[in-house]
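Undergrad: Quick one: structure below, then a few questions.
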Amino acid sequence: MILTRKFSPLAILSILLILTAGCSHWDRFSISCLTCESLKDPLGVNTLHPRFSWKNNSNRQGATQTAYQILVADDIQKLNENDADVWNSGKITSSSNIWVEYAGKPLHPGQLLFWKVRVWDENGNESSWSKPARFGVGLLDKNDWTASYIGYPSGKGFYSCPQLRKTFSLNKTDKKGAYLLHVNSLGYHEVFMNGQKVGEDVLSPAVSQFDKRSLIVTYDVTPFVRTGKNDLIIWLGSGWYTEGLPGVAGNGPVVRAQMEHVHKGTSETVLCTDASWMGRESEYSRISDWMTGRYGGETLSGNLETQHIVFEAPDELKWGEIAVAQIPEHEVTPQTVEPNRIMETIQPAKIEKLNDTTFLVDMGKCLTGWFEITFPDLEKSQEIVMEYADHLDNNGGLAKQGQTDKYIASGNGTEYFINKFNYHGFRYVKISNLKQAPQLTDIKAHLIHTDFEFASTFECSDEDLNRIHDMISYTLRCVGLGGYLVDCPQIERLGYGGDGNASTVTAQTMFNLAPLYSNWLQAWADVIREDGSMPHTAPNPYAAGGGPYWCGFIISASWNTYRQYGDRKVLEKYYPVMQKWLGYVDQYSVDGLLKRWPDTDYRNWYLGDWATPEGVGNPNHIDERSVDLVNNCYISVCLGEMENIAEVLGKTEEARYYSGKRAQLNNIIDETFFDAQQGYYATGSQIDLIFPMLAGVAPEELKDGLTNTLIARTIKEYGGHLNTGLVGIPVMMEWAAINNQPDFIYSMLKKKTHPGYLYMLEQGANTTWEHWAGDRSRIHNCFNGVGQWFYQAIGGIRSIPGKPAYSEFLVDPQIPEGVTWAKTTQETPYGKIGVHWELHNETMTMEVEVPVGSIAKLISPESAISTQINQEVITDQSDTVSLKSGKYFVEYTSKR
C-alpha cells in the first residue's frame, strides 16, 4: 500500500525538537475543565458530598500529578489559602484528578460555593491555581421547600401552555451574592425575568418517571433582577406530563418555584409559588395526546407583536387566578444532566410548489428540533397547517408520522411561527392553505439536543467510512434530547434499553455523556417493579416491545459508564437494582436457561435480535432457537459484568458467585444450542455464530471453525452483507475489535447495496434508519453500534479491562486492506488521546498523544521488524511498549 503523503525530514525534525525540548515555565502543568459531579459550574448538584474533576495539561513527556490542593469558599473573594474556610484540603499526595470527593465542612441544600485547585508534578513543581469554578447544592429534601405547586385552570387541560406571573419588589439588589431560582415543573417550562428569557435552555426539564420522580432546574437570575419592581413569568407546557400517563395528576402542567438570595453561606427566600400568583392562557396550545405516532405539535395564534406583549407590557393583558395543585408525594431531585439547547440552525435546501396553496419545504437533511417561519401576508383567521416527516413515501408524498403544527393568523403585523413546548423529527415540511410561496430566507430549522460535549474525531483515507462515521455521530445528536437517548424523536420518543445498549459504547466514545447517563440510569432504577421485573423503556409511560437485552440496560449501561468515565458511585447506587432484576431472570429460567417471560401492561414481546434484514427476531417470524440463544448469551454477558462490578465494589464472594453462575450457564448454552453436524450454534446466523464466541460460550477449539463458517456464510448466503440487527451490530463490532478482524467488517461496510450503511447514504440519508430497508423511521438509534469500531479498530484506541476512564489504554490500529491513514482523537476524563497513523511503502508512522494521568500500551504490528520512538530504536523484544503522558512519533519498519 502506498501512502498519498509523507513527512518531510524537516517536519520530523520540527516535531522532535518540540517533543524533546527541556522543561521550562511554559510546559509546567496548567489546569482546565473543572467539573463538579461531571458538570461545569452546576447550580444544583444532587448530593451533599460532591466530587471534583479537572484535567492536567503539560507539554513534557512523562508528566504526572503527584499531589493536589483544593480550596472551597462561599465567597469568591475568600478563595485563597488564608480565607477558604469551607474547605482547604492542604497538599494531598495523590495522582487522582477525577471524582475527588469533597471533604470539608458539612454542606447544606441551597448553598452556592466556589472552588479552585492546584497540583504538583513528579518533580515537586507546583502549578498555578486553576481559574475559579462554582457549584451549588440543590434543594434535596421536601423540607427545603416552602413553595406550592400551581397551575392555571383551563378548559384546554393538558393541551394548555399557560403563563404564570408574579410581580415582586426588592428594596435593594445585592449583586455580591446571587439570586437562585429553583424550578420544579411537571411538564416543560421557560423562565422570563423582567421581559428577558433566563438562560438558553429549551424543553426543560429533562425526562423522569413522574410517578417516582420529578426534577429541579436551578437558574442564576442575578443579572436579571433589579431594585424596585420585578416581573417573573414561568411559561408551561405539558410535554410528558399528560393525561393517562403514570404519576400524572390534575388537569394540566404545574410548577413550583422558589427564589433564594444566597450570600456568604446565608440563604433568604425572596419569593415562592403560591395562591398570590396570576395566570393566563398563552397563544400556544398543544395538538394531539402525546402518544406513539401522535405527538402532534402546537397551535399558535396571533402575530409576533401580540406574542411579545406579555414580556414588553404584561400589565396590558388580562391575568386570572391560578389554582394551587395537590400533587402526589414523589422524589423531587435536582437535574443531573445538561439542559437541552438549540445547537445548530439550518436553512432550507428548496421549496417545491405542490399546488396553488400547498408547498413542500426540504430542509436538506433530517434533524430533531423546531421549525421557524415568517409567513407572507395572511388574512385574519387564516389557518396554516404544517405537517412534518423524515422522508417521503413511495408515491412522493409526506410519510404519515403524526407531526403537525398550525398557525392562526392575526391578519396584520409579523405573522411568525416557531415551536415552543414540542418538537419534531423531520426533513420535509408540507405547508398547506398558504396562498403565496414563502421565501427560503424566511424559513429556518433548529437542531436541538442535550448540551453534551463532543468528545472525539475520526477521519481516514476512505471517504465511505468517513461518511458512515459522520452519519452515526449526527444521528446520535438527533436522538440525544431530554437527558436520554430516544429510539426516534418523531414516532415513539422512548428511551428503549435495547437501542441504548446497542449504542452506549459508541455514544459514550463520541460524546461526554456522563451526565446524560446519570439522568437516564436514575430513570431505569425508578421503573423496576417490586418483583424485579423491568420494562423495555425508561422512563416507562406505557407498554413497549423488547426483550432481555432491553431490560438489562441497568447492568450493561452502568458497567460501560464506569469503564468510560470511572464513576464508581454509579455501580454502588445501582448494584442492588441489578441484583433484583437478575432475581427476576432466575424466576423465568428453566433447566438453567432463561425462557420467555409473560407480557405485562408495561412490557410486551420477547425479542432476541431485532430489525434484521431477513426478519430473525421479528415478533411475527420468530425462530425460537436464535431468540433463546441470543438472550441467554446476553445473560451470560450480564453475569460477567456483575462479576466485574462486584470486584470493583470489593464484594469478593459475590464476584465468585457470579463467575460460577456464568460458567454454569455457558456450559448449558453450549450443550443446548451447538449443532456439531452443522458446525454452528442455533440457526447459524451472524449473531448466532458471533455471540457465543463473545460471551465465552464457545470453547477455544471451536472458535477458528466458527469464524471460518461466519466468513463463508456471509459471502455465500448474504452476498458479503451485514445480516444482523440492533443487538447483532454492537456484538459483531466488539468481537471484531477483540479478534482483529478488520477486513471482515470493512468488506461489509463497503457494500452499497441493501442492506448496509452505504445503501442508506446512497438513498440520501444523513441519519440512520430503524430498518435496513428504510421502513417507518429514518432518524433512529437502532444501528449506531457500528461507531465503536471506527475508534477501537481503525483508530486503534481500546480500553483495558480493569483500567477505567482510559487510565491505561491500548494503541493498536487494525488496518483493513484499502485504508492507508487514519486520524483519531478521543477525549477522556484525563484528557485527549490522539492517534494518527499513516502507511508508507515499507513503514508505518504514527503520532500518539497520551494525556497526563494515562499510560498508553503500544502494540507493535505483527509485520514490524524494528521500532523507533522519537528516533530512538526500541530494543525491547516484547510486543508492548508503555508510553507515559506526552506526544510521540513512532515509526515501524515492516517485512517486505
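To be explicit about the labels: the chains of the C-alpha cells are called A, B, and onward in the order shown, and within each one the residues are counted from 1, while ligands get numbers from 1 in the order they are shown.
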What's the 9 Å shell around stretch 218-233 of chain A, counting only C-alpha atoms, without same-chain residues fewer than 2 positions away, as JSON, numbers by chain?
TA: {"A": [42, 43, 44, 136, 138, 163, 164, 165, 166, 167, 168, 169, 170, 171, 172, 173, 174, 175, 177, 178, 179, 180, 181, 182, 183, 184, 190, 191, 192, 193, 194, 195, 196, 198, 199, 216, 235, 259, 310, 311, 314, 334, 335]}
Undergrad: Export C-alpha atoms of the chosen residues as a short mmCIF file (atom, residue, chain, number, x, y, z; two decimals), in the first residue's frame?
TA:
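Result written to selection-v6.cif:
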```
data_model
loop_
_atom_site.label_atom_id
_atom_site.label_comp_id
_atom_site.auth_asym_id
_atom_site.auth_seq_id
_atom_site.Cartn_x
_atom_site.Cartn_y
_atom_site.Cartn_z
CA PRO A 42 -23.66 23.35 38.21
CA LEU A 43 -26.06 25.40 40.31
CA GLY A 44 -27.81 22.46 41.93
CA GLY A 136 -24.45 24.97 44.11
CA GLY A 138 -29.69 21.78 45.11
CA GLN A 163 -48.09 31.71 31.59
CA LEU A 164 -47.88 32.21 35.36
CA ARG A 165 -46.82 35.59 36.70
CA LYS A 166 -45.61 37.17 39.91
CA THR A 167 -44.57 40.77 40.48
CA PHE A 168 -42.38 41.49 43.46
CA SER A 169 -40.23 44.30 44.78
CA LEU A 170 -36.67 44.40 46.03
CA ASN A 171 -35.59 47.32 48.21
CA LYS A 172 -32.06 46.69 47.02
CA THR A 173 -30.22 44.09 44.98
CA ASP A 174 -27.11 42.53 46.45
CA LYS A 175 -25.06 41.67 43.36
CA GLY A 177 -24.37 37.41 46.31
CA ALA A 178 -26.61 35.53 43.91
CA TYR A 179 -30.31 35.13 43.31
CA LEU A 180 -31.04 31.50 42.54
CA LEU A 181 -34.41 30.36 41.19
CA HIS A 182 -35.23 26.70 41.74
CA VAL A 183 -37.92 25.50 39.30
CA ASN A 184 -39.66 22.13 39.69
CA GLU A 190 -39.29 28.53 30.33
CA VAL A 191 -38.45 31.38 32.71
CA PHE A 192 -38.65 35.11 31.94
CA MET A 193 -37.49 37.86 34.30
CA ASN A 194 -38.30 41.48 33.54
CA GLY A 195 -39.09 40.69 29.92
CA GLN A 196 -35.95 38.67 29.23
CA VAL A 198 -33.43 33.44 31.57
CA GLY A 199 -30.79 31.19 30.04
CA ILE A 216 -35.47 20.68 39.65
CA TRP A 235 -44.34 29.61 30.90
CA MET A 259 -36.12 32.14 44.64
CA VAL A 310 -46.51 39.55 27.69
CA PHE A 311 -42.84 40.48 28.04
CA PRO A 314 -47.64 42.48 30.74
CA PRO A 334 -32.02 18.34 41.11
CA GLN A 335 -31.46 17.64 37.43
#
```
Undergrad: For the structure I just gave you, how does DSSP split stretch 615-821 of chain A - specifically, which residues are strand (DSSP E)? Reply as a list in words.
TA: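 So, restricting stretch 615-821 of chain A to strand (DSSP E), we get Phe674, Asp675, Tyr680, Tyr681, Ile797, Arg798, Ser799, Glu808, Phe809, Leu810, Val811 and Trp821 of chain A.
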Undergrad: May I ask which of the residues A:Gly679, A:Leu810, A:Gln209, A:Ile711 is the closest one to A:Ile738, counting only C-alpha atoms?
TA: A:Leu810
Undergrad: For A:Glu372, find every residue with an atom within 12 Å (counting only C-alpha atoms), except residues of its own chain fewer than 3 positions away, and show them as a PyMOL selection string.
TA: chain A and resi 300+345-348+361+363+369+375+386+405+407+415-420+423-424+429+438+440-447
Undergrad: Atom CA of A:Pro576 and atom CA of A:Glu653, how far apart in Å?
TA: 15.4 Å
Undergrad: What does the distance between atom CA of A:Pro376 and atom CA of A:Gln436 come to in Å, to one decimal place?
TA: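 These two atoms are separated by 6.6 Å.
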Undergrad: I'd like the neighbourhood of A:Gly252 as a PDB file with all heavy atoms, in the first residue's frame, where a residue qualifies if any of its atoms comes within 8 Å (using only C-alpha atoms), though same-chain residues fewer than 2 positions away should be ignored.
TA:
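The resulting file, around-v7.pdb, is shown below:
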```
ATOM      1  N   GLY A 151     -50.967  25.840  39.047  1.00  0.00           N
ATOM      2  CA  GLY A 151     -51.277  25.714  37.632  1.00  0.00           C
ATOM      3  C   GLY A 151     -52.356  26.710  37.266  1.00  0.00           C
ATOM      4  O   GLY A 151     -52.835  27.470  38.116  1.00  0.00           O
ATOM      5  N   TYR A 152     -52.769  26.696  36.015  1.00  0.00           N
ATOM      6  CA  TYR A 152     -53.796  27.637  35.566  1.00  0.00           C
ATOM      7  C   TYR A 152     -55.017  26.850  35.106  1.00  0.00           C
ATOM      8  O   TYR A 152     -54.935  26.055  34.159  1.00  0.00           O
ATOM      9  CB  TYR A 152     -53.284  28.504  34.431  1.00  0.00           C
ATOM     10  CG  TYR A 152     -54.259  29.577  34.007  1.00  0.00           C
ATOM     11  CD1 TYR A 152     -54.556  30.637  34.858  1.00  0.00           C
ATOM     12  CD2 TYR A 152     -54.900  29.521  32.771  1.00  0.00           C
ATOM     13  CE1 TYR A 152     -55.460  31.623  34.485  1.00  0.00           C
ATOM     14  CE2 TYR A 152     -55.798  30.500  32.387  1.00  0.00           C
ATOM     15  CZ  TYR A 152     -56.077  31.542  33.249  1.00  0.00           C
ATOM     16  OH  TYR A 152     -56.974  32.515  32.898  1.00  0.00           O
ATOM     17  N   PRO A 153     -56.169  27.034  35.770  1.00  0.00           N
ATOM     18  CA  PRO A 153     -57.380  26.298  35.375  1.00  0.00           C
ATOM     19  C   PRO A 153     -57.754  26.636  33.939  1.00  0.00           C
ATOM     20  O   PRO A 153     -57.834  27.809  33.573  1.00  0.00           O
ATOM     21  CB  PRO A 153     -58.436  26.808  36.356  1.00  0.00           C
ATOM     22  CG  PRO A 153     -57.688  27.451  37.464  1.00  0.00           C
ATOM     23  CD  PRO A 153     -56.418  27.965  36.878  1.00  0.00           C
ATOM     24  N   SER A 154     -57.964  25.617  33.143  1.00  0.00           N
ATOM     25  CA  SER A 154     -58.206  25.860  31.724  1.00  0.00           C
ATOM     26  C   SER A 154     -59.052  24.751  31.147  1.00  0.00           C
ATOM     27  O   SER A 154     -58.887  23.573  31.509  1.00  0.00           O
ATOM     28  CB  SER A 154     -56.876  25.927  30.967  1.00  0.00           C
ATOM     29  OG  SER A 154     -57.080  25.875  29.578  1.00  0.00           O
ATOM     30  N   GLY A 157     -56.972  21.983  29.496  1.00  0.00           N
ATOM     31  CA  GLY A 157     -56.298  20.954  30.288  1.00  0.00           C
ATOM     32  C   GLY A 157     -54.834  20.800  29.932  1.00  0.00           C
ATOM     33  O   GLY A 157     -54.068  21.769  29.917  1.00  0.00           O
ATOM     34  N   PHE A 158     -54.445  19.572  29.624  1.00  0.00           N
ATOM     35  CA  PHE A 158     -53.043  19.287  29.324  1.00  0.00           C
ATOM     36  C   PHE A 158     -52.616  19.839  27.963  1.00  0.00           C
ATOM     37  O   PHE A 158     -51.436  19.807  27.624  1.00  0.00           O
ATOM     38  CB  PHE A 158     -52.784  17.779  29.392  1.00  0.00           C
ATOM     39  CG  PHE A 158     -52.877  17.218  30.778  1.00  0.00           C
ATOM     40  CD1 PHE A 158     -54.011  16.558  31.208  1.00  0.00           C
ATOM     41  CD2 PHE A 158     -51.843  17.392  31.682  1.00  0.00           C
ATOM     42  CE1 PHE A 158     -54.109  16.051  32.487  1.00  0.00           C
ATOM     43  CE2 PHE A 158     -51.925  16.901  32.971  1.00  0.00           C
ATOM     44  CZ  PHE A 158     -53.065  16.228  33.380  1.00  0.00           C
ATOM     45  N   TYR A 159     -53.565  20.322  27.179  1.00  0.00           N
ATOM     46  CA  TYR A 159     -53.237  20.926  25.889  1.00  0.00           C
ATOM     47  C   TYR A 159     -52.883  22.407  26.050  1.00  0.00           C
ATOM     48  O   TYR A 159     -52.472  23.064  25.110  1.00  0.00           O
ATOM     49  CB  TYR A 159     -54.408  20.760  24.919  1.00  0.00           C
ATOM     50  CG  TYR A 159     -54.660  19.322  24.535  1.00  0.00           C
ATOM     51  CD1 TYR A 159     -55.302  18.447  25.402  1.00  0.00           C
ATOM     52  CD2 TYR A 159     -54.230  18.825  23.314  1.00  0.00           C
ATOM     53  CE1 TYR A 159     -55.527  17.122  25.053  1.00  0.00           C
ATOM     54  CE2 TYR A 159     -54.452  17.509  22.953  1.00  0.00           C
ATOM     55  CZ  TYR A 159     -55.098  16.660  23.836  1.00  0.00           C
ATOM     56  OH  TYR A 159     -55.304  15.345  23.492  1.00  0.00           O
ATOM     57  N   SER A 160     -53.029  22.911  27.271  1.00  0.00           N
ATOM     58  CA  SER A 160     -52.780  24.319  27.561  1.00  0.00           C
ATOM     59  C   SER A 160     -51.288  24.597  27.732  1.00  0.00           C
ATOM     60  O   SER A 160     -50.526  23.738  28.174  1.00  0.00           O
ATOM     61  CB  SER A 160     -53.529  24.704  28.844  1.00  0.00           C
ATOM     62  OG  SER A 160     -53.173  25.984  29.275  1.00  0.00           O
ATOM     63  N   SER A 238     -47.221  20.945  28.744  1.00  0.00           N
ATOM     64  CA  SER A 238     -47.356  19.637  29.402  1.00  0.00           C
ATOM     65  C   SER A 238     -46.241  18.664  29.056  1.00  0.00           C
ATOM     66  O   SER A 238     -45.708  17.985  29.922  1.00  0.00           O
ATOM     67  CB  SER A 238     -48.709  19.005  29.038  1.00  0.00           C
ATOM     68  OG  SER A 238     -49.759  19.711  29.616  1.00  0.00           O
ATOM     69  N   TYR A 241     -45.821  15.223  30.837  1.00  0.00           N
ATOM     70  CA  TYR A 241     -46.764  15.272  31.952  1.00  0.00           C
ATOM     71  C   TYR A 241     -48.160  15.448  31.366  1.00  0.00           C
ATOM     72  O   TYR A 241     -48.687  16.559  31.265  1.00  0.00           O
ATOM     73  CB  TYR A 241     -46.409  16.420  32.905  1.00  0.00           C
ATOM     74  CG  TYR A 241     -47.154  16.336  34.221  1.00  0.00           C
ATOM     75  CD1 TYR A 241     -46.756  15.416  35.189  1.00  0.00           C
ATOM     76  CD2 TYR A 241     -48.247  17.136  34.486  1.00  0.00           C
ATOM     77  CE1 TYR A 241     -47.431  15.317  36.399  1.00  0.00           C
ATOM     78  CE2 TYR A 241     -48.933  17.047  35.690  1.00  0.00           C
ATOM     79  CZ  TYR A 241     -48.517  16.135  36.643  1.00  0.00           C
ATOM     80  OH  TYR A 241     -49.195  16.032  37.844  1.00  0.00           O
ATOM     81  N   THR A 242     -48.751  14.336  30.963  1.00  0.00           N
ATOM     82  CA  THR A 242     -50.002  14.417  30.222  1.00  0.00           C
ATOM     83  C   THR A 242     -50.975  13.338  30.667  1.00  0.00           C
ATOM     84  O   THR A 242     -50.572  12.316  31.227  1.00  0.00           O
ATOM     85  CB  THR A 242     -49.719  14.326  28.708  1.00  0.00           C
ATOM     86  OG1 THR A 242     -50.840  14.790  27.974  1.00  0.00           O
ATOM     87  CG2 THR A 242     -49.377  12.911  28.278  1.00  0.00           C
ATOM     88  N   GLY A 250     -54.116  16.080  38.348  1.00  0.00           N
ATOM     89  CA  GLY A 250     -54.583  17.404  37.990  1.00  0.00           C
ATOM     90  C   GLY A 250     -55.086  17.476  36.565  1.00  0.00           C
ATOM     91  O   GLY A 250     -55.405  16.463  35.938  1.00  0.00           O
ATOM     92  N   VAL A 254     -48.092  21.878  35.842  1.00  0.00           N
ATOM     93  CA  VAL A 254     -47.976  22.625  37.091  1.00  0.00           C
ATOM     94  C   VAL A 254     -46.503  22.887  37.380  1.00  0.00           C
ATOM     95  O   VAL A 254     -45.615  22.263  36.813  1.00  0.00           O
ATOM     96  CB  VAL A 254     -48.619  21.887  38.282  1.00  0.00           C
ATOM     97  CG1 VAL A 254     -50.115  21.698  38.066  1.00  0.00           C
ATOM     98  CG2 VAL A 254     -47.939  20.540  38.514  1.00  0.00           C
TER      99      VAL A 254
END
```
Undergrad: Report as a PyMOL selection string: the residues of stretch 616-705 of chain A with a DSSP assignment of alpha helix (DSSP H), based on the backbone of this structure.
TA: chain A and resi 624-648+652-673+686-694+700-705
Undergrad: Just checking: using only C-alpha atoms, which residue out of A:Val479, A:Leu271, A:Leu360, A:Leu571 ends up closest to A:Arg427?
TA: A:Leu360
